[in-house]
file structure.cif (mmCIF, C-alpha atoms)
data_entry
loop_
_atom_site.label_atom_id
_atom_site.label_comp_id
_atom_site.auth_asym_id
_atom_site.auth_seq_id
_atom_site.Cartn_x
_atom_site.Cartn_y
_atom_site.Cartn_z
CA MET A 1 13.43 39.48 6.81
CA ASP A 2 11.30 37.00 8.76
CA PHE A 3 12.28 33.36 8.24
CA GLU A 4 9.74 32.02 10.73
CA LEU A 5 6.67 30.12 9.64
CA THR A 6 3.33 31.57 10.70
CA PRO A 7 1.40 29.72 13.41
CA GLU A 8 -1.07 28.51 10.73
CA GLN A 9 1.77 27.23 8.54
CA ARG A 10 3.32 25.32 11.44
CA GLN A 11 -0.06 23.87 12.33
CA ILE A 12 -0.68 22.62 8.79
CA ARG A 13 2.86 21.31 8.38
CA ASP A 14 2.59 19.43 11.67
CA LEU A 15 -0.84 18.05 10.75
CA PHE A 16 0.52 16.50 7.57
CA ALA A 17 3.72 15.39 9.29
CA ARG A 18 1.69 13.42 11.84
CA PHE A 19 -0.46 11.92 9.09
CA VAL A 20 2.62 10.89 7.11
CA ASP A 21 4.31 9.33 10.14
CA ALA A 22 1.20 7.39 11.12
CA GLU A 23 -0.39 6.48 7.80
CA VAL A 24 1.98 6.97 4.87
CA ALA A 25 5.56 6.13 5.84
CA PRO A 26 4.67 2.70 7.30
CA ARG A 27 2.84 1.83 4.05
CA ALA A 28 5.16 3.56 1.57
CA ALA A 29 6.90 0.39 0.42
CA ALA A 30 3.55 -1.39 -0.02
CA ILE A 31 2.08 1.59 -1.91
CA ASP A 32 5.06 1.48 -4.24
CA ALA A 33 5.11 -2.28 -4.71
CA ALA A 34 1.39 -2.47 -5.52
CA HIS A 35 1.88 -0.47 -8.74
CA ALA A 36 -1.69 0.77 -8.23
CA TYR A 37 -3.23 4.20 -7.79
CA PRO A 38 -3.40 4.83 -4.01
CA ARG A 39 -7.11 5.64 -3.79
CA GLU A 40 -7.43 5.15 -0.03
CA ALA A 41 -4.49 7.41 0.76
CA MET A 42 -5.86 10.00 -1.67
CA ARG A 43 -9.21 9.86 0.11
CA GLN A 44 -7.44 10.44 3.42
CA LEU A 45 -5.62 13.46 1.98
CA ALA A 46 -8.95 14.83 0.80
CA GLU A 47 -10.33 14.50 4.31
CA LEU A 48 -7.40 16.61 5.52
CA GLY A 49 -8.35 19.26 2.95
CA PHE A 50 -5.22 18.90 0.84
CA PHE A 51 -6.87 19.18 -2.59
CA ALA A 52 -8.89 22.20 -1.49
CA MET A 53 -5.94 24.17 -0.12
CA ARG A 54 -5.21 26.29 -3.19
CA TYR A 55 -8.81 27.12 -4.14
CA PRO A 56 -11.14 29.87 -2.85
CA GLU A 57 -13.78 29.27 -0.24
CA ASN A 58 -16.70 29.91 -2.61
CA VAL A 59 -15.95 26.62 -4.41
CA GLY A 60 -15.24 24.62 -1.27
CA GLY A 61 -11.57 25.54 -0.96
CA LEU A 62 -9.43 26.69 1.93
CA ASN A 63 -7.85 29.71 0.19
CA LEU A 64 -4.30 29.00 1.39
CA ASP A 65 -1.12 30.29 -0.21
CA LEU A 66 1.47 28.31 -2.15
CA ALA A 67 4.03 28.50 0.65
CA THR A 68 1.65 26.68 2.99
CA PHE A 69 0.64 24.17 0.33
CA SER A 70 4.32 23.44 -0.35
CA LEU A 71 4.92 22.63 3.32
CA ALA A 72 2.15 20.03 3.27
CA LEU A 73 3.31 18.56 -0.05
CA ALA A 74 6.89 18.22 1.16
CA GLU A 75 5.66 16.19 4.13
CA ILE A 76 3.68 13.88 1.83
CA ALA A 77 6.75 13.39 -0.37
CA ARG A 78 8.81 12.61 2.72
CA GLY A 79 6.53 9.64 3.26
CA SER A 80 5.91 8.56 -0.34
CA MET A 81 6.91 10.25 -3.57
CA SER A 82 4.35 8.10 -5.39
CA LEU A 83 1.56 9.50 -3.26
CA ALA A 84 2.97 13.02 -3.50
CA GLY A 85 3.01 12.79 -7.29
CA CYS A 86 -0.62 11.66 -7.38
CA ALA A 87 -1.61 14.35 -4.89
CA ALA A 88 0.23 17.19 -6.63
CA MET A 89 -1.29 16.29 -9.98
CA GLN A 90 -4.79 16.21 -8.52
CA ALA A 91 -4.38 19.39 -6.48
CA LEU A 92 -2.95 21.55 -9.26
CA MET A 93 -2.61 20.44 -12.88
CA GLY A 94 -5.52 18.02 -12.77
CA THR A 95 -8.06 20.51 -11.45
CA LYS A 96 -6.81 24.07 -11.91
CA PHE A 97 -8.17 24.71 -15.39
CA LEU A 98 -11.61 23.40 -14.42
CA HIS A 99 -11.66 25.93 -11.61
CA LEU A 100 -10.38 28.79 -13.75
CA LEU A 101 -12.43 28.13 -16.87
CA GLY A 102 -15.16 25.56 -16.21
CA ASN A 103 -18.84 26.45 -16.31
CA ASP A 104 -21.15 25.92 -13.34
CA GLU A 105 -22.14 22.42 -14.48
CA ILE A 106 -18.52 21.30 -14.86
CA VAL A 107 -17.53 22.77 -11.51
CA ALA A 108 -20.41 21.03 -9.74
CA ARG A 109 -20.10 17.67 -11.52
CA LEU A 110 -16.32 17.29 -11.75
CA PHE A 111 -14.31 19.97 -9.96
CA LYS A 112 -15.94 19.86 -6.52
CA PRO A 113 -15.93 16.03 -6.38
CA ALA A 114 -12.25 16.18 -7.35
CA LEU A 115 -11.51 18.18 -4.20
CA ALA A 116 -12.84 15.16 -2.29
CA ALA A 117 -10.82 12.74 -4.48
CA GLN A 118 -14.10 11.30 -5.76
CA LYS A 119 -13.10 12.24 -9.30
CA ILE A 120 -9.56 12.03 -10.67
CA GLY A 121 -8.19 14.54 -13.17
CA ALA A 122 -5.34 14.34 -15.67
CA ILE A 123 -3.62 16.85 -17.93
CA CYS A 124 -2.63 16.06 -21.53
CA MET A 125 0.12 18.36 -22.71
CA THR A 126 3.27 16.35 -23.51
CA GLU A 127 3.51 14.67 -26.91
CA PRO A 128 6.07 12.35 -28.51
CA ASN A 129 7.76 15.39 -30.09
CA ALA A 130 6.70 18.10 -27.65
CA GLY A 131 7.84 18.48 -24.07
CA SER A 132 9.37 21.77 -22.98
CA ASP A 133 8.88 23.05 -26.53
CA LEU A 134 5.22 24.08 -26.43
CA ASP A 135 5.42 25.27 -30.03
CA SER A 136 5.81 21.65 -31.12
CA ILE A 137 2.42 20.53 -29.76
CA ALA A 138 0.74 19.03 -32.82
CA THR A 139 -2.68 17.87 -31.59
CA THR A 140 -5.39 19.65 -33.57
CA ALA A 141 -8.95 20.70 -32.83
CA THR A 142 -11.07 21.20 -35.93
CA ARG A 143 -14.29 23.21 -35.68
CA VAL A 144 -17.45 21.26 -36.58
CA ALA A 145 -21.14 21.76 -35.87
CA GLY A 146 -21.66 21.81 -32.12
CA GLY A 147 -18.03 21.46 -31.12
CA TYR A 148 -14.59 20.28 -32.19
CA VAL A 149 -12.93 17.12 -33.44
CA LEU A 150 -9.57 16.43 -31.78
CA ASN A 151 -6.78 14.42 -33.37
CA GLY A 152 -3.34 13.75 -31.96
CA GLN A 153 -1.10 11.76 -29.64
CA LYS A 154 -0.27 12.55 -26.03
CA THR A 155 2.27 10.81 -23.85
CA TRP A 156 3.38 10.83 -20.19
CA VAL A 157 -0.23 11.38 -19.16
CA THR A 158 -0.18 10.82 -15.42
CA ALA A 159 -3.19 9.09 -13.88
CA ALA A 160 -4.58 8.38 -17.36
CA PRO A 161 -5.85 4.83 -16.63
CA VAL A 162 -7.88 6.02 -13.63
CA ALA A 163 -8.84 9.54 -14.73
CA ASP A 164 -12.46 10.70 -14.79
CA PHE A 165 -11.60 13.73 -16.93
CA PHE A 166 -8.72 15.02 -19.06
CA THR A 167 -7.57 18.58 -19.65
CA VAL A 168 -6.27 18.54 -23.23
CA PHE A 169 -4.18 21.15 -25.03
CA ALA A 170 -4.74 21.27 -28.79
CA ARG A 171 -4.33 23.72 -31.65
CA ALA A 172 -7.58 25.33 -32.83
CA GLY A 173 -8.71 28.12 -35.11
CA ASP A 174 -7.07 29.67 -38.15
CA ALA A 175 -3.96 30.60 -36.16
CA ARG A 176 -3.73 27.09 -34.74
CA LYS A 177 -2.95 28.38 -31.25
CA LEU A 178 -3.22 26.30 -28.09
CA THR A 179 -6.75 25.91 -26.80
CA ILE A 180 -7.86 24.01 -23.69
CA PHE A 181 -10.52 21.30 -23.83
CA LEU A 182 -12.18 19.08 -21.26
CA VAL A 183 -12.43 15.49 -22.52
CA GLU A 184 -14.22 12.72 -20.67
CA PRO A 185 -13.37 9.00 -20.91
CA HIS A 186 -16.66 8.09 -22.59
CA PHE A 187 -16.09 10.44 -25.53
CA PRO A 188 -15.67 8.32 -28.70
CA GLY A 189 -12.15 8.61 -30.08
CA LEU A 190 -10.40 8.99 -26.72
CA ILE A 191 -8.08 6.01 -26.34
CA VAL A 192 -5.91 5.39 -23.29
CA GLY A 193 -2.87 3.60 -24.70
CA ARG A 194 -0.03 1.56 -23.31
CA ALA A 195 1.23 2.10 -19.79
CA ILE A 196 4.75 3.48 -19.45
CA ASP A 197 6.82 1.28 -17.14
CA LYS A 198 8.83 3.71 -15.05
CA MET A 199 11.95 3.54 -12.90
CA GLY A 200 10.17 5.03 -9.89
CA VAL A 201 6.93 6.53 -8.53
CA TRP A 202 5.30 3.19 -9.29
CA ALA A 203 1.91 4.07 -7.76
CA LEU A 204 1.44 6.96 -10.18
CA PRO A 205 0.18 5.33 -13.39
CA THR A 206 1.45 6.94 -16.57
CA SER A 207 0.22 6.18 -20.08
CA GLU A 208 0.08 7.23 -23.66
CA LEU A 209 -3.20 8.63 -24.97
CA ALA A 210 -4.65 9.00 -28.44
CA LEU A 211 -7.32 11.35 -29.74
CA ASP A 212 -8.66 9.77 -32.91
CA GLY A 213 -11.49 11.89 -34.30
CA CYS A 214 -12.61 12.63 -30.74
CA PHE A 215 -15.68 14.89 -30.73
CA VAL A 216 -15.74 17.46 -27.92
CA PRO A 217 -18.89 19.60 -27.53
CA ASP A 218 -18.71 23.37 -27.30
CA SER A 219 -19.60 23.17 -23.60
CA HIS A 220 -16.28 21.37 -23.04
CA ARG A 221 -14.04 23.98 -24.59
CA LEU A 222 -12.55 25.41 -21.44
CA SER A 223 -10.72 28.27 -23.17
CA ARG A 224 -12.71 31.48 -23.18
CA THR A 225 -11.42 32.13 -26.69
CA GLU A 226 -9.54 29.95 -29.15
CA GLY A 227 -5.81 30.25 -28.58
CA ASP A 228 -5.66 31.42 -24.95
CA GLY A 229 -4.24 28.10 -23.71
CA GLU A 230 -0.57 28.99 -23.83
CA GLU A 231 -1.11 32.09 -21.70
CA HIS A 232 -2.90 30.06 -19.02
CA LEU A 233 -0.26 27.33 -19.16
CA ARG A 234 2.70 29.68 -18.83
CA GLN A 235 1.07 31.33 -15.81
CA THR A 236 0.84 27.91 -14.18
CA LEU A 237 4.39 26.75 -14.93
CA ALA A 238 5.96 28.71 -12.09
CA GLU A 239 3.59 27.09 -9.62
CA ILE A 240 4.38 23.65 -11.07
CA ARG A 241 8.11 24.29 -10.65
CA ILE A 242 7.80 25.43 -7.06
CA ILE A 243 5.71 22.46 -5.97
CA THR A 244 8.10 20.10 -7.77
CA GLY A 245 10.85 21.66 -5.69
CA ALA A 246 8.73 21.03 -2.60
CA MET A 247 8.40 17.35 -3.49
CA ALA A 248 12.17 17.19 -3.91
CA LEU A 249 12.55 18.62 -0.40
CA GLY A 250 10.40 15.81 0.97
CA VAL A 251 12.34 12.93 -0.53
CA ALA A 252 15.63 14.65 0.30
CA ARG A 253 14.57 14.94 3.95
CA ALA A 254 13.65 11.26 4.05
CA ALA A 255 17.01 10.25 2.58
CA LEU A 256 18.94 12.54 4.92
CA ASP A 257 17.09 11.25 7.98
CA GLU A 258 17.73 7.64 6.95
CA ALA A 259 21.44 8.32 6.41
CA VAL A 260 21.77 10.00 9.82
CA ARG A 261 19.91 7.16 11.53
CA TYR A 262 21.94 4.45 9.85
CA ALA A 263 25.27 6.21 10.45
CA GLY A 264 24.47 6.37 14.16
CA GLU A 265 23.66 2.65 14.36
CA ARG A 266 26.14 1.03 11.99
CA GLN A 267 29.28 -0.12 13.80
CA GLN A 268 32.68 -0.48 12.15
CA PHE A 269 36.05 -0.84 13.84
CA GLY A 270 34.36 -0.63 17.22
CA LYS A 271 32.42 2.62 16.80
CA PRO A 272 29.48 4.07 14.88
CA ILE A 273 30.39 5.15 11.37
CA ASN A 274 29.17 8.68 12.11
CA ARG A 275 32.41 9.09 14.07
CA PHE A 276 34.44 8.83 10.87
CA GLN A 277 35.24 12.07 9.05
CA ALA A 278 34.41 10.62 5.63
CA ILE A 279 30.82 10.02 6.77
CA GLN A 280 30.61 13.29 8.68
CA ILE A 281 31.59 15.23 5.55
CA LYS A 282 28.87 13.48 3.54
CA LEU A 283 26.23 14.23 6.17
CA ALA A 284 27.35 17.87 6.43
CA ASP A 285 27.14 18.39 2.68
CA MET A 286 23.74 16.70 2.52
CA ALA A 287 22.35 18.84 5.33
CA THR A 288 23.71 22.03 3.78
CA ASP A 289 22.23 21.18 0.38
CA TYR A 290 18.89 20.48 2.04
CA GLU A 291 18.74 23.73 4.01
CA ALA A 292 19.72 25.81 0.98
CA ALA A 293 17.01 24.11 -1.08
CA VAL A 294 14.41 24.77 1.62
CA GLN A 295 15.14 28.48 1.57
CA LEU A 296 15.05 28.75 -2.24
CA VAL A 297 11.70 26.96 -2.48
CA ARG A 298 10.16 29.03 0.31
CA TYR A 299 11.47 32.25 -1.20
CA ALA A 300 10.07 31.45 -4.63
CA ALA A 301 6.69 30.52 -3.11
CA TRP A 302 6.68 33.74 -1.06
CA ARG A 303 7.37 35.83 -4.17
CA LEU A 304 4.53 34.16 -6.07
CA ASP A 305 2.15 34.57 -3.14
CA SER A 306 3.04 38.25 -2.72
CA GLY A 307 2.58 39.05 -6.40
CA ALA A 308 6.25 39.86 -7.01
CA PRO A 309 8.04 38.75 -10.20
CA HIS A 310 8.77 35.08 -9.63
CA HIS A 311 9.46 33.15 -12.85
CA LYS A 312 13.24 33.29 -12.48
CA GLU A 313 13.04 32.41 -8.78
CA ALA A 314 10.67 29.50 -9.47
CA ALA A 315 13.10 28.11 -12.04
CA MET A 316 16.02 28.55 -9.64
CA ALA A 317 14.14 26.86 -6.81
CA LYS A 318 13.17 23.87 -8.93
CA LEU A 319 16.64 23.59 -10.46
CA PHE A 320 18.55 23.70 -7.18
CA ALA A 321 16.10 21.72 -5.03
CA THR A 322 15.79 18.82 -7.44
CA GLU A 323 19.50 18.59 -8.20
CA ALA A 324 20.28 18.89 -4.47
CA ALA A 325 17.75 16.17 -3.68
CA ALA A 326 19.33 13.90 -6.29
CA ARG A 327 22.74 14.47 -4.68
CA ILE A 328 21.35 13.83 -1.20
CA CYS A 329 19.67 10.58 -2.21
CA ASP A 330 22.86 9.42 -3.93
CA GLN A 331 24.98 10.24 -0.90
CA ALA A 332 22.51 8.53 1.42
CA ALA A 333 22.90 5.36 -0.66
CA ARG A 334 26.67 5.69 -0.31
CA VAL A 335 26.41 6.06 3.46
CA LEU A 336 24.40 2.84 3.61
CA ALA A 337 26.84 1.19 1.18
CA SER A 338 25.55 -2.30 0.28
CA TYR A 339 22.32 -1.71 2.21
CA GLY A 340 21.66 1.34 0.07
CA TYR A 341 21.37 -1.12 -2.81
CA ALA A 342 19.04 -3.50 -0.97
CA MET A 343 15.31 -3.41 -1.69
CA GLU A 344 14.52 -3.91 1.99
CA TYR A 345 15.84 -0.43 2.78
CA PRO A 346 13.95 2.69 1.63
CA VAL A 347 17.00 4.50 0.25
CA GLN A 348 16.80 2.61 -3.04
CA ARG A 349 13.24 3.94 -3.42
CA TYR A 350 14.34 7.49 -2.70
CA LEU A 351 17.11 7.15 -5.26
CA ARG A 352 14.63 5.93 -7.90
CA ASP A 353 11.85 8.36 -7.06
CA VAL A 354 13.91 11.54 -6.87
CA ARG A 355 14.55 11.44 -10.61
CA PHE A 356 10.84 12.09 -11.11
CA THR A 357 11.42 15.62 -9.81
CA LEU A 358 14.23 16.27 -12.29
CA ILE A 359 11.82 15.93 -15.22
CA GLY A 360 8.45 17.47 -14.35
CA GLY A 361 8.17 21.23 -14.83
CA GLY A 362 11.21 21.36 -17.10
CA THR A 363 14.55 19.62 -17.11
CA SER A 364 17.53 21.23 -15.40
CA GLU A 365 18.95 22.26 -18.76
CA ILE A 366 15.73 24.01 -19.77
CA LEU A 367 15.55 25.75 -16.40
CA GLN A 368 19.12 27.01 -16.80
CA LEU A 369 18.18 28.55 -20.13
CA ILE A 370 15.10 30.17 -18.57
CA ILE A 371 17.17 31.64 -15.74
CA ALA A 372 19.78 32.98 -18.17
CA LYS A 373 17.08 34.51 -20.35
CA GLU A 374 15.50 36.25 -17.37
CA MET A 375 18.91 37.64 -16.40
CA THR A 376 19.56 39.11 -19.83
CA ARG A 377 16.20 40.72 -20.53
#

call {"tool": "encode", "arguments": {"input": "structure.cif", "output": "C-alpha cells"}}
result
Amino acid sequence: MDFELTPEQRQIRDLFARFVDAEVAPRAAAIDAAHAYPREAMRQLAELGFFAMRYPENVGGLNLDLATFSLALAEIARGSMSLAGCAAMQALMGTKFLHLLGNDEIVARLFKPALAAQKIGAICMTEPNAGSDLDSIATTATRVAGGYVLNGQKTWVTAAPVADFFTVFARAGDARKLTIFLVEPHFPGLIVGRAIDKMGVWALPTSELALDGCFVPDSHRLSRTEGDGEEHLRQTLAEIRIITGAMALGVARAALDEAVRYAGERQQFGKPINRFQAIQIKLADMATDYEAAVQLVRYAAWRLDSGAPHHKEAAMAKLFATEAAARICDQAARVLASYGYAMEYPVQRYLRDVRFTLIGGGTSEILQLIIAKEMTR
C-alpha cells in the first residue's frame, strides 16, 4: 500500500499552504471578527482554481479527485474555518446539482460564473423538523401551468443572505418524493429570513428561508424526473462527509501547531512547559489523534475516487476526524491554560469553529448508526 502523495497532490497542497500562510492566516481573526462573507478571499481561491477542482474540463473544471481536493481544503481550514466553510459550500453543495442537472443556459449563466466566485450558491435542505431525517422534509412543490409553486420553511441555509441562486429540495408529484429545484432571489415568494447567530464560523452567514407560494418555472426544475432528488442527495452525502473530515483536519492541525509552539516558549519553574510530562502526554495524544484522522480521511477519499464501496468509510472518517479535532482543540486550549481562553490567541477560535464540523454531514450519533447499519447488512 502506497501512503505517499503523488507529485501533483504535493504540488497542489503546497500551493494552498503557501496561500494560506501568506494571505489567510494573517487575516483569519479579522475575517472572523467582520461577520461578513469573505468575498475577496473567495475571489483569490477562485483564481487558484479551487472551485473548479472537482468538475470536468469541458465545463471549465480541473477534473481532480476528492483526495486532492481534500488536501487543499484542509489547508484552507488550517488558516480559517470560516473561509473553508464558505469555500466548501461553494465548491460542492452550492454548485454540484447545477453541474449534474442544469441545462445549458443555467450552466452558462450561473454555474460557470460560480467557479470564478462571481455567483454564490446555497443549498436548502434542512428544515425546522428535518435534518438527518430526510423523510421529514415537508416543503412541497405543487404542479401549476408552466412550473411549480413551492411552499415551506428551510433553516440553516448557509450563504443565504449573499446567494445568487438556491438549490431547493421539495416534495413533488403524487408520491410527494424529493425533487430538486433551482430558485433565484428575485422569484416572488422567496424570503430570506432571520440570520442565525452562531458560536463560530462567523464569516459564513447562515439564515432561515421561507418559500411562500414561490413560483418556479419548469426550466428551473433541476430533477430529470419528479422524485429523483433523494437519490442524488444520498450519492453526495459521502463526499460531504469526507470533505467535512478534511476541514476538521485543518483546524486540528492549526490547534496542534499552536499548542506545540506555545509549549516551547512558555516558561514555568525555569524551563519550557514542553519539558513537563503532563504537557508531553497531551501533545503526544493530540499528534496521534491527528495522524489517525489524516489516514482515515485519505482512505475514505481514495475509496470514493477509485469507485470502491465507501459509504461506511466516509462515515467513519467524518466521525473520527471531527471528534479527534474537537479533542485536539480542547487539549490545545488546556495547554495554553488562561491564554487559551483569551480572544487575542487563536485557540479560542479553533475551539469555537471545530464544532461546526461535528454537525454538517450528520452528527456523530447519526454516523455511528450508519456505520453499524453498514456492518450488519

call {"tool": "closest_residue", "arguments": {"input": "structure.cif", "among": "A:Thr142, A:Ser80, A:Thr167, A:Thr288", "to": "A:Ala203", "atoms": "all atoms listed in the file"}}
result
A:Ser80

call {"tool": "closest_atom_pairs", "arguments": {"input": "structure.cif", "of": "stretch 216-294 of chain A", "to": "stretch 338-343 of chain A", "cutoff": "12 Å", "atoms": "all atoms listed in the file", "output": "tab-separated table"}}
result
residue	atom	partner	partner_atom	distance
A:Ala255	CA	A:Gly340	CA	10.4
A:Glu258	CA	A:Gly340	CA	10.1
A:Ala259	CA	A:Gly340	CA	9.4
A:Tyr262	CA	A:Tyr339	CA	9.8
A:Ala263	CA	A:Tyr339	CA	11.8
A:Arg266	CA	A:Tyr339	CA	10.9

call {"tool": "residues_around", "arguments": {"input": "structure.cif", "residues": "A:Lys282", "least_positions_apart": "6", "cutoff": "12 Å", "atoms": "all atoms listed in the file", "output": "JSON, numbers by chain"}}
result
{"A": [256, 259, 260, 263, 273, 274, 275, 276, 288, 289, 327, 328, 329, 330, 331, 332, 333, 334, 335, 336]}

call {"tool": "closest_residue", "arguments": {"input": "structure.cif", "among": "A:Ile370, A:Ala29, A:Ile106, A:Val251", "to": "A:Ala84", "atoms": "only C-alpha atoms"}}
result
A:Val251

call {"tool": "resolve_selection", "arguments": {"input": "structure.cif", "expression": "the PyMOL selection byres ((chain A and resi 118) around 12)", "output": "short mmCIF file (atom, residue, chain, number, x, y, z; two decimals) with C-alpha atoms, in the frame of the given file"}}
result
data_model
loop_
_atom_site.label_atom_id
_atom_site.label_comp_id
_atom_site.auth_asym_id
_atom_site.auth_seq_id
_atom_site.Cartn_x
_atom_site.Cartn_y
_atom_site.Cartn_z
CA ARG A 39 -7.11 5.64 -3.79
CA GLU A 40 -7.43 5.15 -0.03
CA MET A 42 -5.86 10.00 -1.67
CA ARG A 43 -9.21 9.86 0.11
CA GLN A 44 -7.44 10.44 3.42
CA LEU A 45 -5.62 13.46 1.98
CA ALA A 46 -8.95 14.83 0.80
CA GLU A 47 -10.33 14.50 4.31
CA PHE A 51 -6.87 19.18 -2.59
CA GLN A 90 -4.79 16.21 -8.52
CA ARG A 109 -20.10 17.67 -11.52
CA LEU A 110 -16.32 17.29 -11.75
CA PHE A 111 -14.31 19.97 -9.96
CA LYS A 112 -15.94 19.86 -6.52
CA PRO A 113 -15.93 16.03 -6.38
CA ALA A 114 -12.25 16.18 -7.35
CA LEU A 115 -11.51 18.18 -4.20
CA ALA A 116 -12.84 15.16 -2.29
CA ALA A 117 -10.82 12.74 -4.48
CA LYS A 119 -13.10 12.24 -9.30
CA ILE A 120 -9.56 12.03 -10.67
CA GLY A 121 -8.19 14.54 -13.17
CA VAL A 162 -7.88 6.02 -13.63
CA ALA A 163 -8.84 9.54 -14.73
CA ASP A 164 -12.46 10.70 -14.79
CA PHE A 165 -11.60 13.73 -16.93
#

call {"tool": "residues_around", "arguments": {"input": "structure.cif", "residues": "stretch 307-324 of chain A", "least_positions_apart": "6", "cutoff": "7 Å", "atoms": "all atoms listed in the file", "output": "number ranges by chain"}}
result
A: 238, 241-242, 244-245, 248-249, 289-290, 293, 296-297, 300, 357-358, 364, 367, 371, 374

call {"tool": "residues_around", "arguments": {"input": "structure.cif", "residues": "A:Met247", "least_positions_apart": "5", "cutoff": "7 Å", "atoms": "all atoms listed in the file", "output": "list in words"}}
result
Leu73, Ala74, Ala77 and Ala84 of chain A

call {"tool": "atom_distance", "arguments": {"input": "structure.cif", "atom1": "atom CA of A:Glu226", "atom2": "atom CA of A:Met89"}}
result
24.9 Å

call {"tool": "atom_distance", "arguments": {"input": "structure.cif", "atom1": "atom CA of A:Ser306", "atom2": "atom CA of A:Lys96"}}
result
19.6 Å

call {"tool": "resolve_selection", "arguments": {"input": "structure.cif", "expression": "the PyMOL selection byres ((chain A and resi 21) around 12)", "output": "PDB file with C-alpha atoms, keeping the file's coordinate frame"}}
result
ATOM      1  CA  ASP A  14       2.590  19.430  11.670  1.00  0.00           C
ATOM      2  CA  LEU A  15      -0.840  18.050  10.750  1.00  0.00           C
ATOM      3  CA  PHE A  16       0.520  16.500   7.570  1.00  0.00           C
ATOM      4  CA  ALA A  17       3.720  15.390   9.290  1.00  0.00           C
ATOM      5  CA  ARG A  18       1.690  13.420  11.840  1.00  0.00           C
ATOM      6  CA  PHE A  19      -0.460  11.920   9.090  1.00  0.00           C
ATOM      7  CA  VAL A  20       2.620  10.890   7.110  1.00  0.00           C
ATOM      8  CA  ALA A  22       1.200   7.390  11.120  1.00  0.00           C
ATOM      9  CA  GLU A  23      -0.390   6.480   7.800  1.00  0.00           C
ATOM     10  CA  VAL A  24       1.980   6.970   4.870  1.00  0.00           C
ATOM     11  CA  ALA A  25       5.560   6.130   5.840  1.00  0.00           C
ATOM     12  CA  PRO A  26       4.670   2.700   7.300  1.00  0.00           C
ATOM     13  CA  ARG A  27       2.840   1.830   4.050  1.00  0.00           C
ATOM     14  CA  ALA A  28       5.160   3.560   1.570  1.00  0.00           C
ATOM     15  CA  GLU A  75       5.660  16.190   4.130  1.00  0.00           C
ATOM     16  CA  ILE A  76       3.680  13.880   1.830  1.00  0.00           C
ATOM     17  CA  ALA A  77       6.750  13.390  -0.370  1.00  0.00           C
ATOM     18  CA  ARG A  78       8.810  12.610   2.720  1.00  0.00           C
ATOM     19  CA  GLY A  79       6.530   9.640   3.260  1.00  0.00           C
ATOM     20  CA  SER A  80       5.910   8.560  -0.340  1.00  0.00           C
ATOM     21  CA  ALA A 254      13.650  11.260   4.050  1.00  0.00           C
TER      22      ALA A 254
END

call {"tool": "closest_residue", "arguments": {"input": "structure.cif", "among": "A:Thr155, A:Leu5, A:Ala326, A:Leu233", "to": "A:Leu100", "atoms": "all atoms listed in the file"}}
result
A:Leu233

call {"tool": "resolve_selection", "arguments": {"input": "structure.cif", "expression": "the PyMOL selection byres ((chain A and resi 123-125) around 10)", "output": "NGL selection string"}}
result
:A and (89-90 or 92-97 or 121-122 or 126-127 or 130-132 or 134 or 137 or 139 or 153-160 or 163 or 165-170 or 180-183 or 208-209 or 233)

call {"tool": "axis_aligned_box", "arguments": {"input": "structure.cif", "around": "stretch 271-289 of chain A", "padding_each_side": "4 Å", "output": "JSON"}}
result
{"center_x": 28.7, "center_y": 12.3, "center_z": 8.6, "size_x": 21.0, "size_y": 27.4, "size_z": 24.4}

call {"tool": "decode", "arguments": {"input": "structure.cif", "residues": "stretch 289-300 of chain A", "atoms": "N, CA and C atoms", "output": "mmCIF file, in the first residue's frame"}}
result
data_model
loop_
_atom_site.group_PDB
_atom_site.id
_atom_site.type_symbol
_atom_site.label_atom_id
_atom_site.label_comp_id
_atom_site.auth_asym_id
_atom_site.auth_seq_id
_atom_site.Cartn_x
_atom_site.Cartn_y
_atom_site.Cartn_z
ATOM 1 N N ASP A 289 -3.914 11.431 17.542
ATOM 2 C CA ASP A 289 -5.276 11.634 17.043
ATOM 3 C C ASP A 289 -5.244 12.243 15.637
ATOM 4 N N TYR A 290 -4.389 13.230 15.469
ATOM 5 C CA TYR A 290 -4.326 13.921 14.176
ATOM 6 C C TYR A 290 -3.879 12.974 13.067
ATOM 7 N N GLU A 291 -2.817 12.229 13.296
ATOM 8 C CA GLU A 291 -2.300 11.341 12.251
ATOM 9 C C GLU A 291 -3.299 10.240 11.908
ATOM 10 N N ALA A 292 -3.991 9.713 12.913
ATOM 11 C CA ALA A 292 -5.003 8.684 12.647
ATOM 12 C C ALA A 292 -6.138 9.266 11.807
ATOM 13 N N ALA A 293 -6.538 10.492 12.126
ATOM 14 C CA ALA A 293 -7.611 11.143 11.364
ATOM 15 C C ALA A 293 -7.192 11.387 9.920
ATOM 16 N N VAL A 294 -5.956 11.803 9.713
ATOM 17 C CA VAL A 294 -5.448 12.029 8.357
ATOM 18 C C VAL A 294 -5.595 10.763 7.521
ATOM 19 N N GLN A 295 -5.187 9.633 8.088
ATOM 20 C CA GLN A 295 -5.218 8.396 7.321
ATOM 21 C C GLN A 295 -6.648 7.950 7.012
ATOM 22 N N LEU A 296 -7.567 8.124 7.970
ATOM 23 C CA LEU A 296 -8.957 7.733 7.719
ATOM 24 C C LEU A 296 -9.594 8.590 6.622
ATOM 25 N N VAL A 297 -9.342 9.891 6.652
ATOM 26 C CA VAL A 297 -9.917 10.775 5.638
ATOM 27 C C VAL A 297 -9.333 10.453 4.266
ATOM 28 N N ARG A 298 -8.024 10.255 4.195
ATOM 29 C CA ARG A 298 -7.399 9.943 2.906
ATOM 30 C C ARG A 298 -7.882 8.604 2.368
ATOM 31 N N TYR A 299 -8.053 7.637 3.260
ATOM 32 C CA TYR A 299 -8.505 6.320 2.828
ATOM 33 C C TYR A 299 -9.926 6.388 2.282
ATOM 34 N N ALA A 300 -10.794 7.105 2.972
ATOM 35 C CA ALA A 300 -12.173 7.233 2.501
ATOM 36 C C ALA A 300 -12.222 7.942 1.152
#
